[in-house]
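Note sheet for the following structure.
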Amino acid sequence: HETIGVVDGFFQLYYVENRGMAFGTTLGAGAGPKYILSIFRLIAILVIGYYLVKNIRQGKTHKGLIVCMALIFAGATGNLIDGMFYDFFFPLDPNIAWNWAIDSNKNFVMDEFGSPVMRPNGFLLGSVVDMCQFTVTWPSWMGFGLAGKEIFGAIWNVADASISTGVILIILRYKTFFKKPEEPTVDAVPAADG
């Protein structure tokens with residue numbers, strides 16, 4: 001949870017290890033849900049990779065869609081690599097509560113001596129490192145209880161930004177990217193008298 005201010009009142013680096021998905025959402029506690037998440041990420045990457053290769057070879061897909069899908073592919077791959085190998089390069093520190101195991105009720109798991117049990121770690125069980133945070137707040141005149149609160153306080157990484165950019169551009173350019181080819185029109189032939 002170390003921070004480094006980059007642009008005061010706008011952007012900072014904030015070290016967080018994310019065990020789950022967006023906004024720290026997990027599928028549950030323990031190794032099983034983490035394996036499921038990692039396998040889901042791997043399958044999604046393979047499907048997106050197949051889609052990209054197939055559409056690049058066909059040459060009929062809008063280049064903007066290819067770029068957006070490549071952004072999503074790259075971001076998902078980066079997060080999967082973190083999850084696969086992070087624990088191999090950086091050992092768990094037992095003095096940091098973030099590394100302690102959590103049960104399904106979000107309580108720390110303790111051993112028979114009252115010491116915290118370490119979270120599952122190893123291949124496919126690593127955390128994703130998030131480090132970027134916007135610190136911009138709503139102006140004081142803003143209503144709805146928003147005054148002074150952060151506009152977007154989530155902590156993210158470059159891979160998350162890549163995925164989000166790709167998805168947002170696909171949504172914004174949907175009609176352009178998925179435009180149906182125009183069918184040729186048949187000129188009306190005047191009926192013959194007779």
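Order determines the names: the first chain of the structure tokens is A, the second B, and so forth; residues in each chain are numbered 1 upward, and ligands are numbered 1 upward as they are shown.
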### Query
Can you list every residue in range 106-190 of chain A that DSSP puts in strand (DSSP E or B), as a PyMOL selection string?
chain A and resi 108+110+116+118+128-134+137+150+155-156
Let's have the selection written as a PDB file, in the first residue's frame, with N, CA, C and O atoms.
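So result-v4.pdb came out as:
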```
ATOM      1  N   PHE A 108     -10.151 -13.488   8.400  1.00  0.00           N
ATOM      2  CA  PHE A 108      -8.838 -14.114   8.298  1.00  0.00           C
ATOM      3  C   PHE A 108      -8.885 -15.519   8.898  1.00  0.00           C
ATOM      4  O   PHE A 108      -9.518 -15.748   9.926  1.00  0.00           O
ATOM      5  N   MET A 110      -7.121 -18.448  10.864  1.00  0.00           N
ATOM      6  CA  MET A 110      -6.052 -18.574  11.864  1.00  0.00           C
ATOM      7  C   MET A 110      -5.769 -20.051  12.133  1.00  0.00           C
ATOM      8  O   MET A 110      -6.665 -20.881  12.081  1.00  0.00           O
ATOM      9  N   PRO A 116      -1.941 -16.175  11.687  1.00  0.00           N
ATOM     10  CA  PRO A 116      -2.658 -16.197  10.404  1.00  0.00           C
ATOM     11  C   PRO A 116      -2.098 -17.260   9.460  1.00  0.00           C
ATOM     12  O   PRO A 116      -0.890 -17.498   9.421  1.00  0.00           O
ATOM     13  N   MET A 118      -1.310 -18.408   5.704  1.00  0.00           N
ATOM     14  CA  MET A 118      -0.997 -17.703   4.460  1.00  0.00           C
ATOM     15  C   MET A 118      -1.988 -18.094   3.367  1.00  0.00           C
ATOM     16  O   MET A 118      -2.453 -19.226   3.325  1.00  0.00           O
ATOM     17  N   VAL A 128      -2.507 -10.065  -9.142  1.00  0.00           N
ATOM     18  CA  VAL A 128      -2.223  -9.121 -10.220  1.00  0.00           C
ATOM     19  C   VAL A 128      -1.851  -7.805  -9.536  1.00  0.00           C
ATOM     20  O   VAL A 128      -2.537  -7.365  -8.620  1.00  0.00           O
ATOM     21  N   VAL A 129      -0.760  -7.199  -9.966  1.00  0.00           N
ATOM     22  CA  VAL A 129      -0.325  -5.950  -9.346  1.00  0.00           C
ATOM     23  C   VAL A 129      -1.026  -4.777 -10.016  1.00  0.00           C
ATOM     24  O   VAL A 129      -0.967  -4.609 -11.229  1.00  0.00           O
ATOM     25  N   ASP A 130      -1.744  -4.007  -9.214  1.00  0.00           N
ATOM     26  CA  ASP A 130      -2.370  -2.767  -9.674  1.00  0.00           C
ATOM     27  C   ASP A 130      -1.592  -1.618  -9.066  1.00  0.00           C
ATOM     28  O   ASP A 130      -1.108  -1.709  -7.938  1.00  0.00           O
ATOM     29  N   MET A 131      -1.471  -0.514  -9.826  1.00  0.00           N
ATOM     30  CA  MET A 131      -0.616   0.554  -9.311  1.00  0.00           C
ATOM     31  C   MET A 131      -1.031   1.971  -9.695  1.00  0.00           C
ATOM     32  O   MET A 131      -0.453   2.909  -9.209  1.00  0.00           O
ATOM     33  N   CYS A 132      -2.006   2.146 -10.550  1.00  0.00           N
ATOM     34  CA  CYS A 132      -2.363   3.488 -11.025  1.00  0.00           C
ATOM     35  C   CYS A 132      -3.674   3.938 -10.401  1.00  0.00           C
ATOM     36  O   CYS A 132      -4.632   3.167 -10.340  1.00  0.00           O
ATOM     37  N   GLN A 133      -3.730   5.177  -9.948  1.00  0.00           N
ATOM     38  CA  GLN A 133      -4.959   5.690  -9.360  1.00  0.00           C
ATOM     39  C   GLN A 133      -5.110   7.176  -9.668  1.00  0.00           C
ATOM     40  O   GLN A 133      -4.198   7.971  -9.435  1.00  0.00           O
ATOM     41  N   PHE A 134      -6.286   7.520 -10.197  1.00  0.00           N
ATOM     42  CA  PHE A 134      -6.638   8.924 -10.354  1.00  0.00           C
ATOM     43  C   PHE A 134      -7.133   9.428  -9.009  1.00  0.00           C
ATOM     44  O   PHE A 134      -7.896   8.741  -8.324  1.00  0.00           O
ATOM     45  N   THR A 137     -11.083  14.758  -7.524  1.00  0.00           N
ATOM     46  CA  THR A 137     -12.322  14.750  -6.745  1.00  0.00           C
ATOM     47  C   THR A 137     -13.371  15.645  -7.391  1.00  0.00           C
ATOM     48  O   THR A 137     -13.053  16.539  -8.170  1.00  0.00           O
ATOM     49  N   GLU A 150     -13.731  11.137  -4.583  1.00  0.00           N
ATOM     50  CA  GLU A 150     -12.975  10.813  -5.788  1.00  0.00           C
ATOM     51  C   GLU A 150     -13.917  10.446  -6.931  1.00  0.00           C
ATOM     52  O   GLU A 150     -14.907   9.754  -6.731  1.00  0.00           O
ATOM     53  N   ILE A 155      -8.086   1.382  -8.329  1.00  0.00           N
ATOM     54  CA  ILE A 155      -6.657   1.242  -8.605  1.00  0.00           C
ATOM     55  C   ILE A 155      -6.533   0.207  -9.724  1.00  0.00           C
ATOM     56  O   ILE A 155      -7.142  -0.858  -9.658  1.00  0.00           O
ATOM     57  N   TRP A 156      -5.755   0.522 -10.738  1.00  0.00           N
ATOM     58  CA  TRP A 156      -5.706  -0.299 -11.947  1.00  0.00           C
ATOM     59  C   TRP A 156      -4.275  -0.391 -12.460  1.00  0.00           C
ATOM     60  O   TRP A 156      -3.378   0.227 -11.918  1.00  0.00           O
TER      61      TRP A 156
END
```
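Using only C-alpha atoms, the residues found no farther than 10 Å from Leu92 in chain A, other than those of its own chain fewer than 4 positions away, are Tyr86, Asp87, Phe88, Ile96, Trp98, Asn99, Trp100, Met118, Arg119, Pro120, Asn121 and Gly126 of chain A.
Going from CA of Lys54 in chain A to CA of Asn157 in chain A covers 28.8 Å.
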## Note on the structure
The distance between CA of Leu172 in chain A and CA of Ala70 in chain A is 16.5 Å
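Candidate residues A:Ile151, A:Phe40, A:Asp111, A:Thr135 were compared for distance to Thr3 in chain A, and the nearest is A:Thr135, using only C-alpha atoms.
Closest approach to Lys149 in chain A among A:Thr26, A:Ala101, A:Gly59, A:Val136 is made by A:Val136 (distances from only C-alpha atoms).
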### Spatial neighbours of Phe73 in chain A, 9 Å, only C-alpha atoms, chain gap at least 5 places, as JSON, numbers by chain
{"A": [44, 45, 46, 48, 49, 52, 68, 78, 162, 163]}
File of the preceding selection, N, CA, C and O atoms, as an mmCIF file, in the first residue's frame:
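Everything below was put into selection-v3.cif:
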```
data_model
loop_
_atom_site.group_PDB
_atom_site.id
_atom_site.type_symbol
_atom_site.label_atom_id
_atom_site.label_comp_id
_atom_site.auth_asym_id
_atom_site.auth_seq_id
_atom_site.Cartn_x
_atom_site.Cartn_y
_atom_site.Cartn_z
ATOM 1 N N ALA A 44 -10.444 -17.440 -22.257
ATOM 2 C CA ALA A 44 -10.820 -16.186 -22.934
ATOM 3 C C ALA A 44 -9.697 -15.718 -23.859
ATOM 4 O O ALA A 44 -9.946 -15.287 -24.989
ATOM 5 N N ILE A 45 -8.447 -15.834 -23.406
ATOM 6 C CA ILE A 45 -7.305 -15.422 -24.224
ATOM 7 C C ILE A 45 -7.204 -16.290 -25.471
ATOM 8 O O ILE A 45 -6.960 -15.797 -26.575
ATOM 9 N N LEU A 46 -7.392 -17.594 -25.318
ATOM 10 C CA LEU A 46 -7.329 -18.497 -26.472
ATOM 11 C C LEU A 46 -8.434 -18.183 -27.481
ATOM 12 O O LEU A 46 -8.193 -18.164 -28.694
ATOM 13 N N ILE A 48 -10.059 -15.257 -27.876
ATOM 14 C CA ILE A 48 -9.772 -13.961 -28.497
ATOM 15 C C ILE A 48 -8.623 -14.092 -29.495
ATOM 16 O O ILE A 48 -8.664 -13.525 -30.587
ATOM 17 N N GLY A 49 -7.597 -14.851 -29.127
ATOM 18 C CA GLY A 49 -6.472 -15.072 -30.040
ATOM 19 C C GLY A 49 -6.916 -15.749 -31.323
ATOM 20 O O GLY A 49 -6.517 -15.356 -32.428
ATOM 21 N N LEU A 52 -8.823 -13.242 -33.421
ATOM 22 C CA LEU A 52 -7.922 -12.286 -34.059
ATOM 23 C C LEU A 52 -7.228 -12.892 -35.279
ATOM 24 O O LEU A 52 -7.226 -12.298 -36.364
ATOM 25 N N CYS A 68 -8.909 -3.037 -31.369
ATOM 26 C CA CYS A 68 -9.611 -3.132 -30.080
ATOM 27 C C CYS A 68 -9.490 -4.533 -29.487
ATOM 28 O O CYS A 68 -9.233 -4.688 -28.287
ATOM 29 N N GLY A 78 -1.540 -9.998 -20.074
ATOM 30 C CA GLY A 78 -0.715 -9.405 -19.020
ATOM 31 C C GLY A 78 -1.202 -9.766 -17.634
ATOM 32 O O GLY A 78 -0.409 -10.139 -16.759
ATOM 33 N N SER A 162 -5.765 -1.260 -20.961
ATOM 34 C CA SER A 162 -5.814 -1.804 -22.318
ATOM 35 C C SER A 162 -7.149 -2.503 -22.572
ATOM 36 O O SER A 162 -7.810 -2.279 -23.597
ATOM 37 N N ILE A 163 -7.581 -3.341 -21.624
ATOM 38 C CA ILE A 163 -8.868 -4.041 -21.757
ATOM 39 C C ILE A 163 -10.009 -3.033 -21.805
ATOM 40 O O ILE A 163 -10.878 -3.108 -22.680
#
```
#### Entry: Every residue of range 2-40 of chain A that DSSP places in alpha helix (DSSP H), as a PyMOL selection string
chain A and resi 31-40
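Candidate residues A:Gly83, A:Asp8, A:Trp138, A:Leu71 were compared for distance to Thr165 in chain A, and the nearest is A:Leu71, using only C-alpha atoms.
Distances to Phe152 in chain A were evaluated for A:Ile4, A:Val117, A:Met84, A:Phe10 using only C-alpha atoms, and the minimum falls at A:Phe10.
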### Query
For Gly166 in chain A, which residue out of A:Ile72, A:Leu42, A:Ile102, A:Leu80 is the nearest one, using only C-alpha atoms?
A:Ile72
